[in-house]
>>> print(open('work-v1.txt').read())   # compact mmCIF, C-alpha atoms and all ligand atoms
# COMPACT_ATOMS: atom_id res chain seq x y z
CA MET N 270 44.19 -106.59 -68.15
CA ILE N 271 41.95 -107.90 -65.35
CA LYS N 272 43.58 -108.14 -61.93
CA VAL N 273 42.14 -110.99 -59.86
CA LEU N 274 43.01 -111.21 -56.16
CA GLY N 275 42.24 -114.64 -54.66
CA VAL N 276 41.89 -115.24 -50.93
CA VAL N 277 42.52 -118.57 -49.19
CA GLY N 278 42.85 -119.42 -45.52
CA ALA N 279 41.80 -122.91 -44.51
CA ARG N 280 42.47 -126.46 -45.78
CA PRO N 281 39.53 -126.88 -48.18
CA ASN N 282 40.19 -123.49 -49.81
CA PHE N 283 43.41 -124.60 -51.50
CA MET N 284 41.77 -127.32 -53.62
CA LYS N 285 39.11 -124.83 -54.74
CA ILE N 286 41.30 -121.90 -55.79
CA ASP N 287 44.03 -123.98 -57.47
CA PRO N 288 42.13 -124.98 -60.65
CA VAL N 289 40.89 -121.42 -61.20
CA PHE N 290 44.36 -119.90 -60.80
CA ARG N 291 45.72 -122.51 -63.23
CA VAL N 292 43.27 -121.44 -65.90
CA LEU N 293 43.73 -117.70 -65.21
CA GLU N 294 47.51 -118.06 -65.42
CA ARG N 295 47.27 -119.59 -68.91
CA GLU N 296 46.43 -116.08 -70.19
CA PRO N 297 48.93 -113.64 -68.67
CA GLN N 298 48.05 -110.99 -71.27
CA LYS N 299 44.39 -111.06 -70.14
CA PHE N 300 44.59 -111.76 -66.38
CA SER N 301 47.05 -110.93 -63.63
CA THR N 302 46.72 -112.83 -60.35
CA PHE N 303 47.57 -112.11 -56.72
CA LEU N 304 47.17 -114.70 -53.96
CA VAL N 305 46.49 -113.81 -50.32
CA HIS N 306 46.71 -116.45 -47.57
CA THR N 307 44.98 -115.23 -44.42
CA GLY N 308 46.90 -117.64 -42.17
CA GLN N 309 43.66 -119.06 -40.66
CA HIS N 310 45.30 -122.49 -41.01
CA TYR N 311 49.05 -122.43 -40.40
CA ASP N 312 50.35 -125.89 -39.41
CA ASP N 313 52.42 -127.35 -42.25
CA ARG N 314 49.97 -130.25 -42.51
CA MET N 315 46.95 -127.92 -42.69
CA SER N 316 48.47 -125.50 -45.18
CA LYS N 317 51.99 -125.77 -46.67
CA ILE N 318 51.59 -129.42 -47.70
CA PHE N 319 48.71 -128.47 -50.03
CA PHE N 320 50.80 -125.91 -51.90
CA LEU N 321 53.39 -128.62 -52.49
CA ASP N 322 50.87 -131.36 -53.37
CA LEU N 323 48.82 -129.20 -55.73
CA GLY N 324 51.70 -127.21 -57.17
CA LEU N 325 49.85 -124.06 -56.13
CA ARG N 326 52.17 -121.10 -56.22
CA ALA N 327 53.25 -119.57 -52.91
CA PRO N 328 50.95 -116.80 -51.64
CA ASP N 329 52.05 -113.26 -52.46
CA VAL N 330 51.08 -112.22 -48.93
CA ASN N 331 50.32 -114.10 -45.71
CA LEU N 332 48.19 -112.17 -43.21
CA ASP N 333 49.20 -114.54 -40.37
CA VAL N 334 45.93 -114.20 -38.48
CA GLY N 335 46.08 -117.64 -36.80
CA SER N 336 43.41 -119.05 -34.47
CA SER N 337 41.08 -117.09 -32.18
CA THR N 338 37.38 -116.46 -31.61
CA HIS N 339 35.13 -115.97 -34.62
CA ALA N 340 34.94 -112.19 -34.24
CA GLU N 341 38.65 -111.80 -33.58
CA GLN N 342 39.68 -114.00 -36.48
CA THR N 343 37.24 -112.41 -38.93
CA GLY N 344 38.12 -108.90 -37.76
CA MET N 345 41.84 -109.53 -38.00
CA VAL N 346 41.52 -110.73 -41.60
CA MET N 347 39.44 -107.65 -42.44
CA ILE N 348 41.93 -105.21 -40.91
CA ARG N 349 44.96 -106.76 -42.60
CA LEU N 350 43.29 -107.50 -45.94
CA GLU N 351 41.95 -103.96 -46.29
CA ARG N 352 45.52 -102.65 -46.47
CA VAL N 353 46.41 -105.19 -49.16
CA LEU N 354 43.33 -104.36 -51.23
CA LEU N 355 44.02 -100.62 -51.04
CA GLU N 356 47.58 -101.24 -52.22
CA GLN N 357 46.87 -103.85 -54.90
CA LYS N 358 43.64 -102.32 -56.28
CA PRO N 359 42.32 -105.55 -57.85
CA ASP N 360 39.43 -105.51 -60.32
CA LEU N 361 37.91 -108.55 -58.61
CA VAL N 362 38.24 -110.45 -55.34
CA LEU N 363 37.79 -114.20 -55.68
CA VAL N 364 36.64 -116.11 -52.59
CA VAL N 365 35.92 -119.82 -52.17
CA GLY N 366 33.85 -121.93 -49.78
CA ASP N 367 32.43 -120.86 -46.45
CA VAL N 368 35.18 -120.36 -43.87
CA ASN N 369 35.77 -117.25 -41.76
CA SER N 370 38.44 -116.06 -44.20
CA THR N 371 35.86 -116.18 -47.00
CA LEU N 372 33.43 -114.04 -45.00
CA ALA N 373 36.06 -111.49 -43.96
CA ALA N 374 37.35 -111.10 -47.51
CA ALA N 375 33.88 -110.62 -48.99
CA ILE N 376 32.93 -107.92 -46.47
CA THR N 377 36.23 -106.08 -46.86
CA ALA N 378 36.12 -106.09 -50.67
CA ALA N 379 32.44 -105.14 -50.89
CA LYS N 380 33.00 -102.09 -48.65
CA LEU N 381 35.80 -100.95 -50.95
CA HIS N 382 33.40 -101.37 -53.92
CA ILE N 383 35.50 -104.17 -55.38
CA PRO N 384 33.29 -106.83 -57.01
CA VAL N 385 33.36 -110.22 -55.28
CA ALA N 386 33.17 -113.59 -57.06
CA HIS N 387 32.09 -116.47 -54.82
CA ILE N 388 32.94 -120.01 -55.82
CA GLU N 389 30.62 -122.56 -54.19
CA ALA N 390 27.75 -120.09 -53.84
CA GLY N 391 24.21 -121.02 -52.84
CA LEU N 392 24.86 -123.99 -50.55
CA ARG N 393 22.54 -123.98 -47.53
CA SER N 394 22.23 -126.38 -44.59
CA PHE N 395 19.42 -124.20 -43.14
CA ASP N 396 21.17 -124.58 -39.78
CA ARG N 397 22.42 -121.26 -38.43
CA LYS N 398 24.16 -122.98 -35.52
CA MET N 399 26.80 -123.88 -38.10
CA PRO N 400 29.24 -120.96 -38.38
CA GLU N 401 29.67 -121.75 -42.08
CA GLU N 402 25.94 -121.18 -42.76
CA ILE N 403 26.18 -117.59 -41.55
CA ASN N 404 29.30 -117.11 -43.67
CA ARG N 405 27.54 -118.50 -46.77
CA ILE N 406 24.49 -116.24 -46.42
CA VAL N 407 26.52 -113.06 -45.95
CA VAL N 408 29.08 -113.83 -48.67
CA ASP N 409 26.35 -114.61 -51.22
CA ALA N 410 24.44 -111.44 -50.35
CA LEU N 411 27.58 -109.38 -51.05
CA SER N 412 28.82 -111.15 -54.19
CA THR N 413 28.40 -109.97 -57.77
CA TYR N 414 29.39 -113.28 -59.40
CA LEU N 415 27.85 -116.33 -57.72
CA PHE N 416 29.26 -119.59 -59.07
CA THR N 417 27.10 -122.53 -58.01
CA PRO N 418 28.02 -126.24 -57.94
CA SER N 419 24.48 -127.64 -58.31
CA ARG N 420 21.00 -126.52 -59.35
CA ASP N 421 19.61 -126.64 -55.80
CA ALA N 422 22.08 -123.86 -54.98
CA ASN N 423 20.57 -121.68 -57.73
CA GLU N 424 17.14 -122.20 -56.15
CA ASN N 425 18.43 -121.23 -52.70
CA LEU N 426 19.86 -117.99 -54.11
CA ARG N 427 16.68 -117.11 -56.00
CA ARG N 428 14.67 -117.66 -52.82
CA GLU N 429 16.92 -115.11 -51.09
CA GLY N 430 16.16 -112.56 -53.81
CA ILE N 431 19.47 -112.72 -55.70
CA PRO N 432 18.87 -111.70 -59.31
CA ASP N 433 19.33 -114.42 -61.95
CA GLU N 434 21.92 -112.41 -63.86
CA HIS N 435 24.37 -112.79 -60.95
CA ILE N 436 24.00 -116.59 -60.71
CA TYR N 437 26.20 -118.93 -62.81
CA PHE N 438 25.74 -122.70 -62.54
CA VAL N 439 29.24 -123.94 -63.37
CA GLY N 440 29.66 -127.23 -61.48
CA ASN N 441 32.02 -128.27 -58.72
CA VAL N 442 35.54 -126.87 -58.81
CA MET N 443 36.82 -129.33 -56.16
CA ILE N 444 36.14 -132.09 -58.64
CA ASP N 445 38.49 -130.40 -61.14
CA THR N 446 41.24 -130.93 -58.58
CA LEU N 447 40.14 -134.49 -57.82
CA ILE N 448 40.15 -135.50 -61.49
CA ARG N 449 43.53 -133.88 -62.11
CA CYS N 450 45.15 -135.48 -59.06
CA ARG N 451 43.78 -139.03 -59.26
CA PRO N 452 46.70 -140.40 -61.28
CA LEU N 453 49.11 -138.89 -58.73
CA ALA N 454 47.11 -140.42 -55.88
CA GLU N 455 47.40 -143.86 -57.49
CA ARG N 456 51.18 -143.54 -57.09
CA SER N 457 51.03 -142.40 -53.44
CA SER N 458 53.22 -144.28 -50.97
CA ILE N 459 50.68 -143.92 -48.14
CA PHE N 460 49.59 -147.57 -48.35
CA ASN N 461 53.20 -148.70 -47.83
CA GLN N 462 53.68 -146.22 -45.03
CA LEU N 463 50.60 -147.56 -43.22
CA GLY N 464 51.40 -151.21 -44.00
CA LEU N 465 48.15 -151.45 -45.97
CA ASN N 466 47.22 -152.80 -49.36
CA LYS N 467 44.86 -151.01 -51.77
CA LYS N 468 42.66 -154.10 -51.76
CA ASP N 469 42.42 -154.30 -47.96
CA ARG N 470 39.15 -153.48 -46.27
CA TYR N 471 39.39 -150.32 -44.19
CA ALA N 472 37.31 -147.31 -43.29
CA LEU N 473 38.58 -143.72 -43.48
CA LEU N 474 37.43 -141.20 -40.87
CA THR N 475 37.57 -137.40 -40.56
CA LEU N 476 35.93 -135.37 -37.82
CA HIS N 477 36.16 -131.67 -37.04
CA ARG N 478 32.75 -129.95 -36.89
CA PRO N 479 32.38 -127.99 -33.64
CA SER N 480 28.90 -129.54 -33.18
CA ASN N 481 30.54 -132.99 -33.00
CA VAL N 482 33.88 -132.40 -31.33
CA ASP N 483 33.37 -129.42 -28.99
CA ASN N 484 30.60 -131.17 -27.03
CA ARG N 485 31.84 -133.77 -24.54
CA GLU N 486 28.75 -136.04 -24.63
CA ILE N 487 28.42 -136.02 -28.42
CA LEU N 488 32.11 -136.70 -28.98
CA ALA N 489 31.96 -139.55 -26.42
CA GLU N 490 28.99 -141.07 -28.25
CA ILE N 491 30.77 -140.91 -31.61
CA LEU N 492 33.91 -142.48 -30.12
CA GLU N 493 31.82 -145.32 -28.68
CA ALA N 494 30.42 -146.00 -32.14
CA LEU N 495 33.94 -146.02 -33.58
CA LEU N 496 35.11 -148.41 -30.89
CA LYS N 497 32.47 -150.89 -32.00
CA ILE N 498 33.06 -150.45 -35.75
CA GLN N 499 36.83 -150.93 -35.45
CA GLU N 500 36.18 -154.42 -34.05
CA GLU N 501 34.96 -155.32 -37.56
CA ILE N 502 37.11 -153.17 -39.84
CA PRO N 503 40.25 -151.06 -39.31
CA ILE N 504 39.61 -147.32 -39.25
CA ILE N 505 42.26 -144.84 -40.44
CA PHE N 506 41.78 -141.47 -38.74
CA PRO N 507 43.87 -138.49 -39.92
CA ILE N 508 43.00 -136.22 -37.04
CA HIS N 509 42.17 -132.50 -37.37
CA PRO N 510 44.00 -130.31 -34.81
CA ARG N 511 40.70 -129.08 -33.30
CA THR N 512 39.66 -132.68 -32.59
CA LYS N 513 43.05 -133.70 -31.23
CA LYS N 514 42.90 -130.78 -28.81
CA ARG N 515 39.38 -131.71 -27.62
CA ILE N 516 40.21 -135.40 -27.11
CA TRP N 517 43.08 -134.28 -24.91
CA GLU N 518 40.99 -131.69 -23.00
CA PHE N 519 38.12 -134.14 -22.38
CA GLY N 520 40.57 -136.82 -21.23
CA PHE N 521 39.39 -139.32 -23.85
CA GLN N 522 42.82 -140.80 -24.68
CA PRO N 523 42.28 -143.89 -22.45
CA ILE N 524 39.15 -144.79 -24.49
CA LEU N 525 41.19 -144.59 -27.68
CA GLU N 526 44.07 -146.63 -26.32
CA LYS N 527 41.67 -149.60 -26.14
CA ALA N 528 40.87 -149.24 -29.83
CA HIS N 529 43.74 -151.12 -31.46
CA ASN N 530 42.16 -150.99 -34.91
CA LEU N 531 41.49 -147.24 -34.83
CA ARG N 532 44.66 -145.73 -36.24
CA ILE N 533 45.06 -142.07 -35.43
CA ILE N 534 47.55 -140.35 -37.71
CA PRO N 535 48.43 -136.70 -38.39
CA PRO N 536 46.37 -134.82 -41.03
CA LEU N 537 47.36 -135.95 -44.51
CA GLY N 538 48.31 -134.05 -47.63
CA TYR N 539 45.78 -134.01 -50.46
CA ILE N 540 47.39 -136.71 -52.62
CA ASP N 541 47.77 -139.24 -49.79
CA PHE N 542 44.29 -138.50 -48.50
CA LEU N 543 42.79 -138.92 -51.97
CA ALA N 544 44.61 -142.24 -52.32
CA LEU N 545 43.09 -143.58 -49.09
CA GLU N 546 39.67 -142.11 -49.91
CA SER N 547 39.59 -143.72 -53.38
CA HIS N 548 40.20 -147.25 -52.07
CA ALA N 549 38.31 -147.12 -48.75
CA THR N 550 35.51 -149.61 -48.09
CA PHE N 551 33.60 -146.63 -46.74
CA VAL N 552 34.21 -143.16 -45.33
CA LEU N 553 32.92 -141.70 -42.07
CA THR N 554 33.06 -137.92 -42.02
CA ASP N 555 31.54 -134.60 -41.03
CA SER N 556 33.46 -132.72 -43.75
CA GLY N 557 31.67 -130.83 -46.52
CA GLY N 558 34.13 -131.52 -49.32
CA ILE N 559 34.54 -135.21 -48.54
CA GLN N 560 30.79 -135.80 -49.09
CA GLU N 561 31.33 -134.52 -52.63
CA GLU N 562 34.56 -136.39 -53.33
CA THR N 563 33.13 -139.77 -52.21
CA THR N 564 30.15 -139.21 -54.50
CA VAL N 565 32.45 -138.90 -57.50
CA LEU N 566 34.70 -141.75 -56.36
CA GLY N 567 31.69 -144.03 -55.79
CA VAL N 568 32.80 -144.75 -52.22
CA PRO N 569 30.01 -145.08 -49.61
CA CYS N 570 29.99 -142.10 -47.24
CA LEU N 571 28.37 -141.92 -43.80
CA THR N 572 28.07 -138.28 -42.78
CA LEU N 573 28.04 -137.70 -39.04
CA ARG N 574 25.68 -134.75 -39.25
CA GLU N 575 21.92 -134.10 -39.04
CA ASN N 576 21.85 -132.02 -42.24
CA THR N 577 23.90 -131.24 -45.31
CA GLU N 578 24.27 -128.19 -47.55
CA ARG N 579 25.17 -130.64 -50.34
CA PRO N 580 21.91 -132.57 -50.98
CA VAL N 581 22.95 -133.93 -54.41
CA THR N 582 25.48 -136.14 -52.63
CA ILE N 583 22.48 -137.93 -51.12
CA THR N 584 19.98 -137.82 -53.98
CA GLN N 585 22.54 -138.74 -56.65
CA GLY N 586 25.66 -139.82 -54.81
CA THR N 587 26.81 -142.25 -52.14
CA ASN N 588 26.15 -140.14 -49.07
CA GLN N 589 23.91 -140.94 -46.08
CA LEU N 590 23.27 -138.72 -43.08
CA VAL N 591 23.69 -140.67 -39.85
CA GLY N 592 23.93 -137.90 -37.25
CA HIS N 593 25.76 -138.63 -34.01
CA ASP N 594 23.54 -141.34 -32.54
CA LYS N 595 25.79 -144.27 -31.65
CA ASN N 596 23.38 -147.02 -32.70
CA LYS N 597 22.53 -145.33 -35.98
CA ILE N 598 26.21 -144.94 -36.91
CA ILE N 599 27.02 -148.56 -36.04
CA ALA N 600 23.96 -149.90 -37.90
CA ALA N 601 24.79 -147.87 -41.02
CA ALA N 602 28.43 -149.02 -41.01
CA PHE N 603 27.52 -152.69 -40.56
CA ASN N 604 24.91 -152.36 -43.27
CA ILE N 605 27.57 -151.20 -45.74
CA LEU N 606 29.76 -154.16 -44.82
CA ASP N 607 26.87 -156.49 -45.68
CA SER N 608 25.70 -154.86 -48.90
CA GLN N 609 26.63 -154.20 -52.52
CA MET N 610 28.27 -150.99 -53.75
CA PRO N 611 25.64 -148.21 -53.93
CA GLN N 612 24.33 -147.02 -57.30
CA ARG N 613 25.38 -143.48 -57.96
CA ARG N 614 25.31 -140.82 -60.64
CA ILE N 615 27.92 -138.12 -61.02
CA PRO N 616 26.11 -134.79 -60.53
CA GLU N 617 25.68 -132.48 -63.51
CA LEU N 618 28.83 -130.52 -64.49
CA TRP N 619 31.06 -132.24 -61.92
CA ASP N 620 33.25 -133.01 -64.89
CA GLY N 621 36.68 -131.47 -64.29
CA HIS N 622 35.99 -128.32 -66.35
CA THR N 623 34.37 -126.01 -63.82
CA ALA N 624 37.35 -123.63 -63.57
CA GLU N 625 37.25 -123.09 -67.34
CA ARG N 626 33.56 -122.15 -67.13
CA ILE N 627 34.30 -119.73 -64.29
CA VAL N 628 37.11 -118.03 -66.20
CA GLU N 629 34.86 -117.62 -69.26
CA VAL N 630 32.57 -115.50 -67.08
CA LEU N 631 35.45 -113.56 -65.50
CA ARG N 632 36.66 -112.56 -68.97
CA ASN N 633 33.90 -109.95 -69.01
CA VAL N 634 34.48 -108.45 -65.55
C1 LIG N 701 37.70 -124.25 -40.28
C2 LIG N 701 36.40 -123.75 -40.91
C3 LIG N 701 35.55 -124.93 -41.33
C4 LIG N 701 36.33 -125.88 -42.22
C5 LIG N 701 37.62 -126.27 -41.57
C6 LIG N 701 38.45 -127.08 -42.53
C7 LIG N 701 35.47 -121.64 -40.04
C8 LIG N 701 34.43 -121.06 -39.16
N1 LIG N 701 35.63 -122.98 -39.95
O1 LIG N 701 37.36 -124.97 -39.11
O2 LIG N 701 34.42 -124.47 -42.05
O3 LIG N 701 35.54 -127.02 -42.46
O4 LIG N 701 38.37 -125.10 -41.21
O5 LIG N 701 39.44 -127.82 -41.94
O6 LIG N 701 36.12 -120.94 -40.76
N2 LIG N 701 44.37 -125.36 -35.43
C9 LIG N 701 45.69 -125.74 -35.38
N3 LIG N 701 46.46 -125.55 -36.49
C10 LIG N 701 45.99 -125.02 -37.64
C11 LIG N 701 44.63 -124.63 -37.68
C12 LIG N 701 43.85 -124.81 -36.58
O7 LIG N 701 46.16 -126.23 -34.36
O8 LIG N 701 46.75 -124.89 -38.62
C13 LIG N 701 43.52 -125.60 -34.24
C14 LIG N 701 43.48 -124.41 -33.26
O9 LIG N 701 43.39 -124.94 -31.98
C15 LIG N 701 42.16 -123.74 -33.63
C16 LIG N 701 41.28 -124.91 -34.06
O10 LIG N 701 42.17 -125.83 -34.68
O11 LIG N 701 41.62 -123.03 -32.56
C17 LIG N 701 40.18 -124.51 -35.01
O12 LIG N 701 40.69 -123.82 -36.17
P1 LIG N 701 39.72 -122.83 -37.00
O13 LIG N 701 40.38 -122.40 -38.25
O14 LIG N 701 39.17 -121.78 -36.11
O15 LIG N 701 38.48 -123.74 -37.35
P2 LIG N 701 38.43 -125.20 -37.97
O16 LIG N 701 37.77 -126.09 -36.98
O17 LIG N 701 39.75 -125.58 -38.52
N1 LIG N 702 41.72 -133.61 -46.75
C1 LIG N 702 43.09 -133.79 -46.83
N2 LIG N 702 43.74 -134.37 -45.75
C2 LIG N 702 43.07 -134.77 -44.63
C3 LIG N 702 41.66 -134.56 -44.57
C4 LIG N 702 41.02 -133.96 -45.65
O1 LIG N 702 43.72 -133.46 -47.83
O2 LIG N 702 43.71 -135.29 -43.70
C5 LIG N 702 41.05 -132.94 -47.90
C6 LIG N 702 39.86 -133.65 -48.49
O3 LIG N 702 40.23 -134.57 -49.48
C7 LIG N 702 39.07 -132.48 -49.06
C8 LIG N 702 39.33 -131.36 -48.09
O4 LIG N 702 40.53 -131.72 -47.40
O5 LIG N 702 39.60 -132.12 -50.34
C9 LIG N 702 38.21 -131.19 -47.12
O6 LIG N 702 38.59 -130.30 -46.12
P1 LIG N 702 37.94 -130.26 -44.67
O7 LIG N 702 37.25 -131.53 -44.38
O8 LIG N 702 39.01 -129.81 -43.74
O9 LIG N 702 36.90 -129.05 -44.78
P2 LIG N 702 35.38 -128.94 -45.22
O10 LIG N 702 35.24 -129.52 -46.59
O11 LIG N 702 34.56 -129.65 -44.19
O12 LIG N 702 35.10 -127.48 -45.17
>>> encode(input="work-v1.txt", output="structure tokens")
Amino acid sequence: MIKVLGVVGARPNFMKIDPVFRVLEREPQKFSTFLVHTGQHYDDRMSKIFFLDLGLRAPDVNLDVGSSTHAEQTGMVMIRLERVLLEQKPDLVLVVGDVNSTLAAAITAAKLHIPVAHIEAGLRSFDRKMPEEINRIVVDALSTYLFTPSRDANENLRREGIPDEHIYFVGNVMIDTLIRCRPLAERSSIFNQLGLNKKDRYALLTLHRPSNVDNREILAEILEALLKIQEEIPIIFPIHPRTKKRIWEFGFQPILEKAHNLRIIPPLGYIDFLALESHATFVLTDSGGIQEETTVLGVPCLTLRENTERPVTITQGTNQLVGHDKNKIIAAAFNILDSQMPQRRIPELWDGHTAERIVEVLRNV
């Protein structure tokens, strides 16, 4: 029996662990599973809703770390998780993505000599001002099983001296969740709730990167671009709590009150968000996962960043980097409104079967 302890903490983690736990739980005689939620995200709409939407089983333990500085949050997860690991004695710790909870779990497990499996290994933006980039580098250096979503990730790992026998190119586990949930999303009532029709033209926006929303001038510039775009097409904006807080602190609400076609709504559950994403005319985002999802959905994506750790979404998918320059964002949005749907290819192994490939490897832990 192989005991796998999975760690989740923030919104994008839930979609990544769910398919793997589903496959592990098909074989209770071979694998036992234990799920730890660090509590990094705790609002119902940033956490609980995803357990309901995905049918992910409730965590066995919640470490309730909440929000704080990077060091405090990471340290708190480490202190509380260490006790759980000593008690549970798993054979493997499974971590996903690049958030602080991922980093804390990898360090804690590695120091207890518990092998770490990292899902979404090898992604690099080459921008160490991004907290996630530091998390990715450290987690990959400490992991025994590195599951990569694309071949560029394998190259990044090799360049950092990680031996080939630790690297497994398995595809993109988030796309397993997307493929499974698409039929559910087609039945979502979100269009009715918003008074929209699937065929209507609208843009979907998400924004939460500290580099965009924690800087007053940059956030103001992005909002000015949005003000202009919403004159041409309605924008639906499920707002991340970090961004909501900043708009309030910077006193930007009056700007937004003028934008009658920019609809700010609370963060959405996965199924409703996927429904809006699938039928959007285009998506504006600084999210990592949404660059990948739009590539598979064939929906044009304008990424409000200078770089991406997911280059296949540009070379093969529908993604374009537009940074935070107001004129560049507006020009790119208007260009989409005037042009045909982009040609795109679905990247290799983004086929809905990544979790199965991961579990085949874990069989031999
Ligand atoms: C985190 C991840 C980021 C990921 C994002 C997904 C790190 C370093 N960052 O960023 O990689 O893309 O999650 O959404 O791990 N807050 C709430 N309620 C919540 C959670 C957060 O109000 O349930 C607010 C708090 O004011 C908090 C702020 O959002 O201080 C930021 O939360 P935090 O988890 O530190 O970072 P995110 O920006 O969410
Ligand atoms: N998402 C969601 N509701 C929202 C916004 C995003 O369910 O209101 C989903 C989205 O479909 C994707 C994931 O959350 O699966 C991306 O998470 P996020 O953008 O928070 O993090 P990142 O990918 O940037 O780390």
>>> residues_near_ligand(input="work-v1.txt", ligand="ligand LIG 701 (chain N)", cutoff="10 Å", atoms="all atoms listed in the file", output="PyMOL selection string")
chain N and resi 278-282+308-317+334-339+342-343+366-373+399-404+475-479+482-483+509-515+536+555-558
>>> atom_distance(input="work-v1.txt", atom1="atom C3 of ligand LIG 702 (chain N)", atom2="atom CA of Leu495 of chain N")
17.7 Å
>>> closest_residue(input="work-v1.txt", among="N:Ile599, N:Ile487, N:Ile431, N:Leu381", to="Lys358 of chain N", atoms="only C-alpha atoms")
N:Leu381
>>> atom_distance(input="work-v1.txt", atom1="atom CA of Val442 of chain N", atom2="atom CA of Asp287 of chain N")
9.1 Å
>>> closest_residue(input="work-v1.txt", among="N:Arg579, N:Lys299, N:Arg326, N:Lys272", to="ligand LIG 702 (chain N)", atoms="all atoms listed in the file")
N:Arg579
>>> atom_distance(input="work-v1.txt", atom1="atom CA of Val581 of chain N", atom2="atom CA of Phe506 of chain N")
25.6 Å
>>> closest_residue(input="work-v1.txt", among="N:Asp541, N:Glu296, N:Glu356, N:Asp421", to="ligand LIG 702 (chain N)", atoms="only C-alpha atoms and all ligand atoms")
N:Asp541
>>> residues_around(input="work-v1.txt", residues="Gly592 of chain N", least_positions_apart="5", cutoff="10 Å", atoms="only C-alpha atoms", output="PyMOL selection string")
chain N and resi 481+491+555+571-576+597-598
>>> closest_residue(input="work-v1.txt", among="N:Val273, N:Leu531, N:Ile559, N:Met347", to="ligand LIG 702 (chain N)", atoms="only C-alpha atoms and all ligand atoms")
N:Ile559
>>> closest_residue(input="work-v1.txt", among="N:Ile524, N:Met270, N:Leu474, N:Ile388", to="ligand LIG 702 (chain N)", atoms="all atoms listed in the file")
N:Leu474
>>> residues_around(input="work-v1.txt", residues="Glu434 of chain N", least_positions_apart="5", cutoff="10 Å", atoms="all atoms listed in the file", output="ChimeraX atom specification")
/N:413-415
>>> write_last_selection(input="work-v1.txt", atoms="C-alpha atoms", output="PDB file, in the frame of the given file")
ATOM      1  CA  THR N 413      28.400-109.970 -57.770  1.00  0.00           C
ATOM      2  CA  TYR N 414      29.390-113.280 -59.400  1.00  0.00           C
ATOM      3  CA  LEU N 415      27.850-116.330 -57.720  1.00  0.00           C
TER       4      LEU N 415
END
>>> residues_around(input="work-v1.txt", residues="Ser457 of chain N", least_positions_apart="3", cutoff="12 Å", atoms="all atoms listed in the file", output="ChimeraX atom specification")
/N:322,450-454,460-463,466-467,537-548
>>> write_last_selection(input="work-v1.txt", atoms="C-alpha atoms", output="PDB file, keeping the file's coordinate frame")
ATOM      1  CA  ASP N 322      50.870-131.360 -53.370  1.00  0.00           C
ATOM      2  CA  CYS N 450      45.150-135.480 -59.060  1.00  0.00           C
ATOM      3  CA  ARG N 451      43.780-139.030 -59.260  1.00  0.00           C
ATOM      4  CA  PRO N 452      46.700-140.400 -61.280  1.00  0.00           C
ATOM      5  CA  LEU N 453      49.110-138.890 -58.730  1.00  0.00           C
ATOM      6  CA  ALA N 454      47.110-140.420 -55.880  1.00  0.00           C
ATOM      7  CA  PHE N 460      49.590-147.570 -48.350  1.00  0.00           C
ATOM      8  CA  ASN N 461      53.200-148.700 -47.830  1.00  0.00           C
ATOM      9  CA  GLN N 462      53.680-146.220 -45.030  1.00  0.00           C
ATOM     10  CA  LEU N 463      50.600-147.560 -43.220  1.00  0.00           C
ATOM     11  CA  ASN N 466      47.220-152.800 -49.360  1.00  0.00           C
ATOM     12  CA  LYS N 467      44.860-151.010 -51.770  1.00  0.00           C
ATOM     13  CA  LEU N 537      47.360-135.950 -44.510  1.00  0.00           C
ATOM     14  CA  GLY N 538      48.310-134.050 -47.630  1.00  0.00           C
ATOM     15  CA  TYR N 539      45.780-134.010 -50.460  1.00  0.00           C
ATOM     16  CA  ILE N 540      47.390-136.710 -52.620  1.00  0.00           C
ATOM     17  CA  ASP N 541      47.770-139.240 -49.790  1.00  0.00           C
ATOM     18  CA  PHE N 542      44.290-138.500 -48.500  1.00  0.00           C
ATOM     19  CA  LEU N 543      42.790-138.920 -51.970  1.00  0.00           C
ATOM     20  CA  ALA N 544      44.610-142.240 -52.320  1.00  0.00           C
ATOM     21  CA  LEU N 545      43.090-143.580 -49.090  1.00  0.00           C
ATOM     22  CA  GLU N 546      39.670-142.110 -49.910  1.00  0.00           C
ATOM     23  CA  SER N 547      39.590-143.720 -53.380  1.00  0.00           C
ATOM     24  CA  HIS N 548      40.200-147.250 -52.070  1.00  0.00           C
TER      25      HIS N 548
END
>>> residues_around(input="work-v1.txt", residues="segment 609-616 of chain N", least_positions_apart="4", cutoff="6 Å", atoms="all atoms listed in the file", output="mmCIF file with C-alpha atoms, in the coordinates of the input")
data_model
loop_
_atom_site.group_PDB
_atom_site.id
_atom_site.type_symbol
_atom_site.label_atom_id
_atom_site.label_comp_id
_atom_site.auth_asym_id
_atom_site.auth_seq_id
_atom_site.Cartn_x
_atom_site.Cartn_y
_atom_site.Cartn_z
ATOM 1 C CA VAL N 565 32.450 -138.900 -57.500
ATOM 2 C CA GLN N 585 22.540 -138.740 -56.650
ATOM 3 C CA GLY N 586 25.660 -139.820 -54.810
#
>>> closest_residue(input="work-v1.txt", among="N:Ile508, N:Phe551, N:Thr564, N:Ala340", to="Pro535 of chain N", atoms="only C-alpha atoms")
N:Ile508
>>> axis_aligned_box(input="work-v1.txt", around="segment 604-612 of chain N", padding_each_side="5 Å", output="JSON")
{"center_x": 27.0, "center_y": -151.8, "center_z": -50.3, "size_x": 15.4, "size_y": 19.5, "size_z": 24.0}
>>> residues_around(input="work-v1.txt", residues="Ala375 of chain N", least_positions_apart="3", cutoff="7 Å", atoms="all atoms listed in the file", output="ChimeraX atom specification")
/N:371-372,378-379,385,408,411
